[in-house]
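Visitor: Pasting in a structure now, in C-alpha coordinates, and then I'll have a few things to ask.
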Amino acid sequence: MTQIYKKGIFSWFGFVMPLPERVKLIKKSGFDSTSLWWEDELGSPQIKKEEMPQIVREAGLYLENIHVPFNNCNELWSESTQVRNESVKQHMNWLEDCAKYDIPIMVMHITDEVGTFKANKYGIKSLSKLTKEAEEIKVKIAIENTNPTEAVSFVLSEIPSEYLGFCFDSSHAQLCGGGQTLVNNFGERLLATHISDNDGRKDRHWLPGNGLINWKALTENFPQNYKGYLTLEVCPTEEERTMGPKEFLQKGFEKIAWVSELLSEESLKHHD
(Lines give C-alpha, C1' and ligand atoms only; values in the text may rest on other atoms or scores of the structure.)
Protein backbone atom coordinates (compact mmCIF):
# COMPACT_ATOMS: atom_id res chain seq x y z
CA MET A 1 0.00 0.00 0.00
CA THR A 2 1.50 3.34 -1.03
CA GLN A 3 1.78 6.26 1.38
CA ILE A 4 -0.42 9.22 0.40
CA TYR A 5 1.09 12.51 1.55
CA LYS A 6 -0.93 15.63 2.15
CA LYS A 7 0.58 18.72 0.57
CA GLY A 8 1.16 22.18 1.96
CA ILE A 9 2.93 25.44 1.20
CA PHE A 10 4.12 28.21 3.49
CA SER A 11 1.73 31.15 3.51
CA TRP A 12 4.43 33.48 2.19
CA PHE A 13 5.51 32.32 -1.28
CA GLY A 14 7.10 35.43 -2.73
CA PHE A 15 4.22 37.52 -4.06
CA VAL A 16 3.10 40.67 -2.23
CA MET A 17 -0.63 40.39 -1.62
CA PRO A 18 -2.85 40.29 1.49
CA LEU A 19 -2.86 37.05 3.47
CA PRO A 20 -6.59 36.33 2.81
CA GLU A 21 -5.95 36.44 -0.95
CA ARG A 22 -2.85 34.27 -0.68
CA VAL A 23 -4.51 31.51 1.33
CA LYS A 24 -7.53 31.44 -1.01
CA LEU A 25 -5.16 30.94 -3.95
CA ILE A 26 -3.30 28.24 -2.04
CA LYS A 27 -6.56 26.37 -1.48
CA LYS A 28 -7.66 26.75 -5.13
CA SER A 29 -4.29 25.39 -6.28
CA GLY A 30 -4.99 22.07 -4.55
CA PHE A 31 -2.94 22.35 -1.37
CA ASP A 32 -4.29 20.88 1.87
CA SER A 33 -2.48 23.08 4.36
CA THR A 34 -0.37 26.12 5.05
CA SER A 35 1.99 27.40 7.75
CA LEU A 36 2.41 30.86 9.24
CA TRP A 37 5.32 33.08 10.18
CA TRP A 38 4.32 34.10 13.71
CA GLU A 39 4.60 37.88 13.57
CA ASP A 40 2.13 40.59 12.60
CA GLU A 41 1.94 41.04 8.84
CA LEU A 42 2.66 44.59 7.75
CA GLY A 43 1.13 46.18 4.68
CA SER A 44 -2.33 47.25 3.70
CA PRO A 45 -4.19 46.07 5.61
CA GLN A 46 -1.95 45.20 8.57
CA ILE A 47 -2.96 41.83 10.01
CA LYS A 48 -2.33 40.84 13.61
CA LYS A 49 -0.90 37.36 13.98
CA GLU A 50 -3.75 36.45 16.32
CA GLU A 51 -6.18 36.92 13.41
CA MET A 52 -4.26 34.69 11.02
CA PRO A 53 -5.39 31.21 12.18
CA GLN A 54 -9.02 32.08 11.51
CA ILE A 55 -8.15 33.55 8.10
CA VAL A 56 -6.39 30.29 7.16
CA ARG A 57 -9.26 28.10 8.33
CA GLU A 58 -11.91 30.23 6.65
CA ALA A 59 -10.07 29.56 3.38
CA GLY A 60 -10.56 25.82 3.97
CA LEU A 61 -6.92 25.05 4.77
CA TYR A 62 -5.43 23.10 7.65
CA LEU A 63 -3.04 25.19 9.76
CA GLU A 64 -0.10 22.81 10.07
CA ASN A 65 2.27 24.88 12.19
CA ILE A 66 3.70 28.28 12.99
CA HIS A 67 7.33 29.22 12.42
CA VAL A 68 8.54 31.49 15.23
CA PRO A 69 11.19 34.23 14.89
CA PHE A 70 14.77 33.10 15.45
CA ASN A 71 16.85 36.32 15.64
CA ASN A 72 18.09 35.59 19.17
CA CYS A 73 17.80 31.82 19.30
CA ASN A 74 21.49 31.40 20.19
CA GLU A 75 20.57 32.91 23.57
CA LEU A 76 18.97 29.57 24.44
CA TRP A 77 22.56 28.34 24.90
CA SER A 78 23.85 31.33 26.89
CA GLU A 79 25.83 30.80 30.10
CA SER A 80 23.88 33.73 31.53
CA THR A 81 20.78 32.48 33.34
CA GLN A 82 19.01 35.80 32.79
CA VAL A 83 19.68 35.88 29.04
CA ARG A 84 18.69 32.23 28.69
CA ASN A 85 15.49 32.61 30.69
CA GLU A 86 14.35 35.59 28.62
CA SER A 87 14.64 33.52 25.44
CA VAL A 88 12.88 30.56 27.06
CA LYS A 89 10.07 32.86 28.22
CA GLN A 90 9.56 34.18 24.69
CA HIS A 91 9.36 30.65 23.28
CA MET A 92 6.98 29.68 26.10
CA ASN A 93 4.67 32.49 25.03
CA TRP A 94 4.70 31.18 21.46
CA LEU A 95 3.94 27.66 22.66
CA GLU A 96 0.98 29.02 24.59
CA ASP A 97 -0.17 30.81 21.43
CA CYS A 98 -0.20 27.42 19.71
CA ALA A 99 -2.41 25.98 22.42
CA LYS A 100 -4.69 29.02 22.40
CA TYR A 101 -5.22 28.97 18.62
CA ASP A 102 -5.25 25.17 18.24
CA ILE A 103 -1.98 24.96 16.30
CA PRO A 104 -0.38 21.52 16.75
CA ILE A 105 3.29 22.28 16.03
CA MET A 106 5.74 25.11 16.70
CA VAL A 107 8.71 25.18 14.32
CA MET A 108 11.80 26.89 15.75
CA HIS A 109 15.54 27.32 15.24
CA ILE A 110 18.01 26.56 18.01
CA THR A 111 21.02 28.08 16.21
CA ASP A 112 21.28 31.25 14.17
CA GLU A 113 24.89 31.65 13.04
CA VAL A 114 27.66 29.08 12.76
CA GLY A 115 30.61 31.10 14.12
CA THR A 116 32.18 29.37 17.08
CA PHE A 117 28.91 27.82 18.23
CA LYS A 118 29.17 24.76 20.43
CA ALA A 119 26.27 22.84 21.92
CA ASN A 120 26.29 22.84 25.73
CA LYS A 121 24.35 21.85 28.85
CA TYR A 122 22.69 25.27 29.04
CA GLY A 123 20.87 24.70 25.77
CA ILE A 124 19.63 21.37 27.07
CA LYS A 125 18.27 23.15 30.17
CA SER A 126 16.43 25.63 27.94
CA LEU A 127 14.98 23.02 25.60
CA SER A 128 14.06 20.75 28.51
CA LYS A 129 11.94 23.55 30.01
CA LEU A 130 10.25 24.14 26.67
CA THR A 131 9.65 20.44 26.14
CA LYS A 132 8.08 20.06 29.58
CA GLU A 133 5.69 22.91 28.76
CA ALA A 134 4.97 21.36 25.33
CA GLU A 135 4.08 18.05 27.00
CA GLU A 136 1.73 19.76 29.42
CA ILE A 137 -0.19 21.77 26.82
CA LYS A 138 0.01 19.07 24.09
CA VAL A 139 1.83 21.15 21.47
CA LYS A 140 4.80 19.64 19.62
CA ILE A 141 8.11 21.42 19.03
CA ALA A 142 9.89 20.85 15.70
CA ILE A 143 13.52 21.99 15.61
CA GLU A 144 14.68 22.92 12.14
CA ASN A 145 17.94 21.47 10.82
CA THR A 146 19.96 24.67 10.71
CA ASN A 147 23.75 24.86 10.87
CA PRO A 148 25.30 23.07 12.72
CA THR A 149 22.97 20.09 12.32
CA GLU A 150 24.87 18.33 15.10
CA ALA A 151 23.19 20.64 17.60
CA VAL A 152 19.79 19.27 16.60
CA SER A 153 20.98 15.68 17.00
CA PHE A 154 22.49 16.57 20.38
CA VAL A 155 19.22 18.00 21.67
CA LEU A 156 17.10 15.12 20.37
CA SER A 157 19.45 12.54 21.91
CA GLU A 158 19.44 14.34 25.27
CA ILE A 159 15.65 14.94 25.43
CA PRO A 160 13.72 11.82 24.37
CA SER A 161 10.19 13.21 24.23
CA GLU A 162 7.46 12.60 21.68
CA TYR A 163 6.69 16.32 21.95
CA LEU A 164 10.16 17.29 20.70
CA GLY A 165 11.16 16.40 17.16
CA PHE A 166 12.55 18.05 14.07
CA CYS A 167 11.53 19.83 10.90
CA PHE A 168 13.49 18.57 7.90
CA ASP A 169 14.50 21.38 5.54
CA SER A 170 15.74 19.88 2.27
CA SER A 171 17.66 23.02 1.30
CA HIS A 172 19.43 23.25 4.67
CA ALA A 173 20.33 19.57 4.42
CA GLN A 174 21.99 20.25 1.05
CA LEU A 175 23.90 23.30 2.31
CA CYS A 176 24.74 22.32 5.90
CA GLY A 177 25.13 18.56 5.64
CA GLY A 178 24.14 16.22 8.44
CA GLY A 179 20.60 15.78 7.18
CA GLN A 180 21.04 12.11 6.43
CA THR A 181 22.49 11.39 9.87
CA LEU A 182 19.55 13.21 11.44
CA VAL A 183 17.04 11.22 9.41
CA ASN A 184 18.82 7.91 10.05
CA ASN A 185 19.04 8.40 13.81
CA PHE A 186 15.80 10.24 14.53
CA GLY A 187 13.50 9.51 11.58
CA GLU A 188 10.63 8.53 13.89
CA ARG A 189 10.75 12.05 15.37
CA LEU A 190 10.22 13.87 12.08
CA LEU A 191 7.30 16.26 12.63
CA ALA A 192 7.34 18.64 9.66
CA THR A 193 9.06 19.42 6.37
CA HIS A 194 10.31 22.46 4.49
CA ILE A 195 10.74 21.39 0.87
CA SER A 196 12.79 23.57 -1.50
CA ASP A 197 15.80 23.44 -3.81
CA ASN A 198 18.99 25.48 -4.15
CA ASP A 199 22.14 25.99 -6.21
CA GLY A 200 24.51 24.61 -3.57
CA ARG A 201 25.60 28.10 -2.54
CA LYS A 202 22.66 29.79 -0.81
CA ASP A 203 19.25 28.94 0.62
CA ARG A 204 17.39 29.97 -2.55
CA HIS A 205 13.95 28.57 -1.67
CA TRP A 206 13.50 27.36 -5.25
CA LEU A 207 10.88 24.86 -6.34
CA PRO A 208 12.05 21.23 -6.39
CA GLY A 209 13.89 20.52 -9.63
CA ASN A 210 15.15 24.08 -10.10
CA GLY A 211 18.43 23.41 -8.32
CA LEU A 212 21.03 20.77 -7.51
CA ILE A 213 19.31 18.59 -4.92
CA ASN A 214 19.20 14.92 -5.85
CA TRP A 215 15.53 14.25 -5.14
CA LYS A 216 15.78 10.56 -6.00
CA ALA A 217 18.47 10.09 -3.34
CA LEU A 218 16.60 12.25 -0.83
CA THR A 219 13.36 10.34 -1.21
CA GLU A 220 15.13 6.97 -1.10
CA ASN A 221 16.37 7.81 2.40
CA PHE A 222 13.27 9.56 3.70
CA PRO A 223 11.64 8.11 6.85
CA GLN A 224 9.01 5.59 5.80
CA ASN A 225 6.91 6.13 8.92
CA TYR A 226 6.35 9.86 8.30
CA LYS A 227 2.63 10.65 8.24
CA GLY A 228 2.81 14.44 8.18
CA TYR A 229 2.59 17.03 5.42
CA LEU A 230 4.99 17.67 2.56
CA THR A 231 5.24 21.44 2.72
CA LEU A 232 6.91 23.77 0.25
CA GLU A 233 8.87 26.73 1.61
CA VAL A 234 9.53 28.48 -1.68
CA CYS A 235 9.78 31.74 -3.60
CA PRO A 236 9.79 32.25 -7.37
CA THR A 237 12.84 32.77 -9.54
CA GLU A 238 12.88 35.98 -11.58
CA GLU A 239 11.50 34.03 -14.53
CA GLU A 240 8.75 32.43 -12.43
CA ARG A 241 7.79 35.80 -10.98
CA THR A 242 6.49 36.83 -14.41
CA MET A 243 4.02 33.93 -14.24
CA GLY A 244 2.05 35.57 -11.47
CA PRO A 245 0.98 33.97 -8.16
CA LYS A 246 -1.74 31.70 -9.54
CA GLU A 247 0.48 30.03 -12.12
CA PHE A 248 3.39 29.82 -9.69
CA LEU A 249 1.23 28.01 -7.15
CA GLN A 250 0.00 25.61 -9.82
CA LYS A 251 3.60 24.85 -10.75
CA GLY A 252 4.43 24.46 -7.06
CA PHE A 253 1.62 21.96 -6.57
CA GLU A 254 2.88 19.94 -9.55
CA LYS A 255 6.39 19.89 -8.08
CA ILE A 256 5.36 18.80 -4.59
CA ALA A 257 3.10 16.17 -6.17
CA TRP A 258 6.19 14.91 -8.03
CA VAL A 259 8.16 14.67 -4.77
CA SER A 260 5.19 12.88 -3.22
CA GLU A 261 5.15 10.37 -6.08
CA LEU A 262 8.86 9.66 -5.61
CA LEU A 263 8.26 9.03 -1.91
CA SER A 264 5.26 6.82 -2.64
CA GLU A 265 7.35 4.73 -5.04
CA GLU A 266 9.92 4.23 -2.26
CA SER A 267 7.16 3.33 0.18
CA LEU A 268 5.89 0.69 -2.24
CA LYS A 269 9.38 -0.82 -2.58
CA HIS A 270 9.66 -1.18 1.18
CA HIS A 271 6.30 -2.96 1.39
CA ASP A 272 6.92 -5.36 -1.50
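Ligands are numbered from 1 in the order shown, chains are lettered A, B, ... in the order of the C-alpha coordinates, and residues start at 1 in each chain.
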With DSSP run on the backbone, what are the helix (DSSP H, G or I) residues within segment 70-244 of chain A? I'd like them as number ranges by chain.
Guide: A: 73-77, 81-100, 121-137, 149-158, 170-176, 179-189, 215-220, 238-241
Visitor: Within 7 Å of Lys27 of chain A, counting only C-alpha atoms, which residues qualify if same-chain residues fewer than 5 places away don't, as a PDB file with all heavy atoms, in the first residue's frame?
Guide:
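File written: part33.pdb
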ATOM      1  N   ASP A  32      -3.462  21.241   0.714  1.00  0.00           N
ATOM      2  CA  ASP A  32      -4.285  20.878   1.867  1.00  0.00           C
ATOM      3  C   ASP A  32      -4.052  21.791   3.063  1.00  0.00           C
ATOM      4  O   ASP A  32      -4.932  21.944   3.908  1.00  0.00           O
ATOM      5  CB  ASP A  32      -3.967  19.435   2.307  1.00  0.00           C
ATOM      6  CG  ASP A  32      -4.188  18.438   1.190  1.00  0.00           C
ATOM      7  OD1 ASP A  32      -5.345  18.245   0.800  1.00  0.00           O
ATOM      8  OD2 ASP A  32      -3.194  17.852   0.703  1.00  0.00           O
ATOM      9  N   ALA A  59     -10.405  29.877   4.779  1.00  0.00           N
ATOM     10  CA  ALA A  59     -10.070  29.562   3.384  1.00  0.00           C
ATOM     11  C   ALA A  59     -10.171  28.060   3.106  1.00  0.00           C
ATOM     12  O   ALA A  59     -10.012  27.626   1.966  1.00  0.00           O
ATOM     13  CB  ALA A  59      -8.664  30.063   3.052  1.00  0.00           C
ATOM     14  N   GLY A  60     -10.422  27.264   4.155  1.00  0.00           N
ATOM     15  CA  GLY A  60     -10.558  25.820   3.974  1.00  0.00           C
ATOM     16  C   GLY A  60      -9.256  25.061   4.076  1.00  0.00           C
ATOM     17  O   GLY A  60      -9.181  23.899   3.658  1.00  0.00           O
ATOM     18  N   LEU A  61      -8.225  25.692   4.638  1.00  0.00           N
ATOM     19  CA  LEU A  61      -6.921  25.052   4.771  1.00  0.00           C
ATOM     20  C   LEU A  61      -6.673  24.584   6.201  1.00  0.00           C
ATOM     21  O   LEU A  61      -7.179  25.181   7.153  1.00  0.00           O
ATOM     22  CB  LEU A  61      -5.810  26.029   4.371  1.00  0.00           C
ATOM     23  CG  LEU A  61      -5.712  26.415   2.896  1.00  0.00           C
ATOM     24  CD1 LEU A  61      -4.767  27.604   2.738  1.00  0.00           C
ATOM     25  CD2 LEU A  61      -5.239  25.241   2.050  1.00  0.00           C
TER      26      LEU A  61
END
Visitor: So which one's closest to Thr131 of chain A, A:Ser260, A:Ser44, A:Ser29, A:Ser161? Using only C-alpha atoms, please.
Guide: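 Under the stated criterion, the closest residue is A:Ser161.
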Visitor: Just want the 9 Å neighbourhood of Ala192 of chain A, counted on only C-alpha atoms, with same-chain residues fewer than 3 positions away dropped. Output as a list in words.
Guide: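 Everything that qualifies: Glu64, Asn65, Ile105, Val107, Ala142, Glu144, Gly165, Phe166, Cys167, Phe168, Asp169, Tyr226, Gly228, Tyr229, Leu230 and Thr231 of chain A.
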Visitor: Counting only C-alpha atoms, figure out which residue out of A:Leu207, A:Ala99, A:Met92, A:Val234 gets nearest to Trp258 of chain A.
Guide: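 Distance minimum relative to Trp258 of chain A lands on A:Leu207.
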Visitor: Suppose you want the space between atom CA of Gly211 of chain A and atom CA of Phe10 of chain A; what is it in Å?
Guide: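 Rounded to one decimal, the two atoms are 19.2 Å apart.
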Visitor: Counting only C-alpha atoms, which of A:Ile137, A:Asn185, A:Val83, A:Phe13 gets nearest to Trp206 of chain A?
Guide: A:Phe13
Visitor: What parts of segment 101-195 of chain A does DSSP call strand (DSSP E or B)? I'd like the answer as a count of residues only.
Guide: 21
Visitor: Between A:Glu162, A:Glu265, A:Glu150, A:Asp203, which residue has the minimum interatomic distance to Gly177 of chain A, considering only C-alpha atoms?
Guide: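 Nearest to Gly177 of chain A: A:Glu150.
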Visitor: List the spatial neighbours of Leu232 of chain A as an MDAnalysis selection string - criterion: any atom at most 12 Å away, only C-alpha atoms, same-chain residues fewer than 2 positions off excluded.
Guide: chainID A and resid 6:13 26 31:35 168:171 192:197 205:208 229:230 234:236 249 251:257 259:260
Visitor: Could you take the residues named above and write them with N, CA and C atoms, as a short mmCIF file (atom, residue, chain, number, x, y, z; two decimals), in the first residue's frame?
Guide:
data_model
loop_
_atom_site.label_atom_id
_atom_site.label_comp_id
_atom_site.auth_asym_id
_atom_site.auth_seq_id
_atom_site.Cartn_x
_atom_site.Cartn_y
_atom_site.Cartn_z
N LYS A 6 -0.23 14.37 2.32
CA LYS A 6 -0.93 15.63 2.15
C LYS A 6 0.09 16.72 1.84
N LYS A 7 -0.36 17.74 1.11
CA LYS A 7 0.58 18.72 0.57
C LYS A 7 0.27 20.12 1.08
N GLY A 8 1.32 20.83 1.45
CA GLY A 8 1.16 22.18 1.96
C GLY A 8 2.17 23.13 1.35
N ILE A 9 1.98 24.41 1.61
CA ILE A 9 2.93 25.44 1.20
C ILE A 9 2.89 26.55 2.23
N PHE A 10 4.04 27.11 2.54
CA PHE A 10 4.12 28.21 3.49
C PHE A 10 3.29 29.38 2.99
N SER A 11 2.67 30.09 3.91
CA SER A 11 1.73 31.15 3.51
C SER A 11 2.39 32.31 2.78
N TRP A 12 3.69 32.50 2.98
CA TRP A 12 4.43 33.48 2.19
C TRP A 12 5.17 32.73 1.08
N PHE A 13 4.87 33.01 -0.16
CA PHE A 13 5.51 32.32 -1.28
C PHE A 13 6.05 33.30 -2.33
N ILE A 26 -3.92 29.50 -2.45
CA ILE A 26 -3.30 28.24 -2.04
C ILE A 26 -4.32 27.11 -2.06
N PHE A 31 -3.65 22.66 -2.60
CA PHE A 31 -2.94 22.35 -1.37
C PHE A 31 -3.92 22.07 -0.22
N ASP A 32 -3.46 21.24 0.71
CA ASP A 32 -4.29 20.88 1.87
C ASP A 32 -4.05 21.79 3.06
N SER A 33 -2.85 22.36 3.14
CA SER A 33 -2.48 23.08 4.36
C SER A 33 -1.56 24.25 4.06
N THR A 34 -1.37 25.06 5.10
CA THR A 34 -0.37 26.12 5.05
C THR A 34 0.24 26.27 6.43
N SER A 35 1.31 27.08 6.49
CA SER A 35 1.99 27.40 7.75
C SER A 35 2.17 28.90 7.82
N PHE A 168 12.45 18.81 8.90
CA PHE A 168 13.49 18.57 7.90
C PHE A 168 13.38 19.57 6.76
N ASP A 169 14.41 20.41 6.63
CA ASP A 169 14.50 21.38 5.54
C ASP A 169 15.45 20.83 4.49
N SER A 170 14.93 20.52 3.31
CA SER A 170 15.74 19.88 2.27
C SER A 170 16.87 20.78 1.79
N SER A 171 16.62 22.08 1.74
CA SER A 171 17.66 23.02 1.30
C SER A 171 18.77 23.12 2.33
N ALA A 192 7.73 17.70 10.71
CA ALA A 192 7.34 18.64 9.66
C ALA A 192 8.43 18.71 8.60
N THR A 193 8.09 19.28 7.45
CA THR A 193 9.06 19.42 6.37
C THR A 193 9.02 20.82 5.78
N HIS A 194 10.18 21.27 5.32
CA HIS A 194 10.31 22.46 4.49
C HIS A 194 10.99 22.01 3.20
N ILE A 195 10.22 21.92 2.14
CA ILE A 195 10.74 21.39 0.87
C ILE A 195 11.08 22.54 -0.07
N SER A 196 12.35 22.60 -0.48
CA SER A 196 12.79 23.57 -1.50
C SER A 196 14.12 23.11 -2.06
N ASP A 197 14.57 23.78 -3.10
CA ASP A 197 15.80 23.44 -3.81
C ASP A 197 16.75 24.63 -3.77
N HIS A 205 15.39 28.82 -1.77
CA HIS A 205 13.95 28.57 -1.67
C HIS A 205 13.32 28.38 -3.06
N TRP A 206 14.02 27.66 -3.91
CA TRP A 206 13.50 27.36 -5.25
C TRP A 206 12.56 26.16 -5.19
N LEU A 207 11.72 26.05 -6.20
CA LEU A 207 10.88 24.86 -6.34
C LEU A 207 11.74 23.63 -6.59
N PRO A 208 11.31 22.46 -6.12
CA PRO A 208 12.05 21.23 -6.39
C PRO A 208 12.29 21.05 -7.89
N TYR A 229 2.77 16.31 6.69
CA TYR A 229 2.59 17.03 5.42
C TYR A 229 3.93 17.23 4.70
N LEU A 230 3.86 17.23 3.38
CA LEU A 230 4.99 17.67 2.56
C LEU A 230 4.72 19.14 2.24
N VAL A 234 8.93 28.06 -0.41
CA VAL A 234 9.53 28.48 -1.68
C VAL A 234 9.19 29.92 -2.06
N CYS A 235 10.02 30.45 -2.95
CA CYS A 235 9.78 31.74 -3.60
C CYS A 235 10.13 31.58 -5.08
N PRO A 236 9.55 32.40 -5.94
CA PRO A 236 9.79 32.25 -7.37
C PRO A 236 11.17 32.77 -7.80
N LEU A 249 1.78 29.00 -8.07
CA LEU A 249 1.23 28.01 -7.15
C LEU A 249 0.86 26.72 -7.85
N LYS A 251 2.32 25.53 -10.50
CA LYS A 251 3.60 24.85 -10.75
C LYS A 251 4.13 24.23 -9.46
N GLY A 252 3.98 24.98 -8.35
CA GLY A 252 4.43 24.46 -7.06
C GLY A 252 3.69 23.19 -6.67
N PHE A 253 2.39 23.16 -6.91
CA PHE A 253 1.62 21.96 -6.57
C PHE A 253 2.09 20.77 -7.42
N GLU A 254 2.38 21.01 -8.68
CA GLU A 254 2.88 19.94 -9.55
C GLU A 254 4.21 19.40 -9.03
N LYS A 255 5.07 20.30 -8.55
CA LYS A 255 6.39 19.89 -8.08
C LYS A 255 6.31 19.10 -6.77
N ILE A 256 5.46 19.54 -5.85
CA ILE A 256 5.36 18.80 -4.59
C ILE A 256 4.63 17.48 -4.82
N ALA A 257 3.75 17.43 -5.81
CA ALA A 257 3.10 16.17 -6.17
C ALA A 257 4.14 15.19 -6.73
N VAL A 259 7.39 15.15 -5.92
CA VAL A 259 8.16 14.67 -4.77
C VAL A 259 7.36 13.60 -4.02
N SER A 260 6.06 13.84 -3.89
CA SER A 260 5.19 12.88 -3.22
C SER A 260 5.17 11.54 -3.95
#
Visitor: Closest to Gln82 of chain A among A:Val23, A:Tyr122, A:Lys216, A:Pro148, using only C-alpha atoms?
Guide: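 With only C-alpha atoms as the atom set, the closest residue is A:Tyr122.
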Visitor: In Å, with one decimal, what is the gap from atom CA of Gln180 of chain A to atom CA of Asn221 of chain A?
Guide: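 Separation between atom CA of Gln180 of chain A and atom CA of Asn221 of chain A: 7.5 Å.
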Visitor: So how far away is atom CA of Leu76 of chain A from atom CA of Leu182 of chain A, in Å?
Guide: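 Here the two named atoms are 20.9 Å from each other.
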Visitor: Under the rule that only C-alpha atoms are counted, which of A:Ser264, A:Trp37, A:Asn210, A:Val183 is the nearest residue to Glu240 of chain A?
Guide: A:Asn210
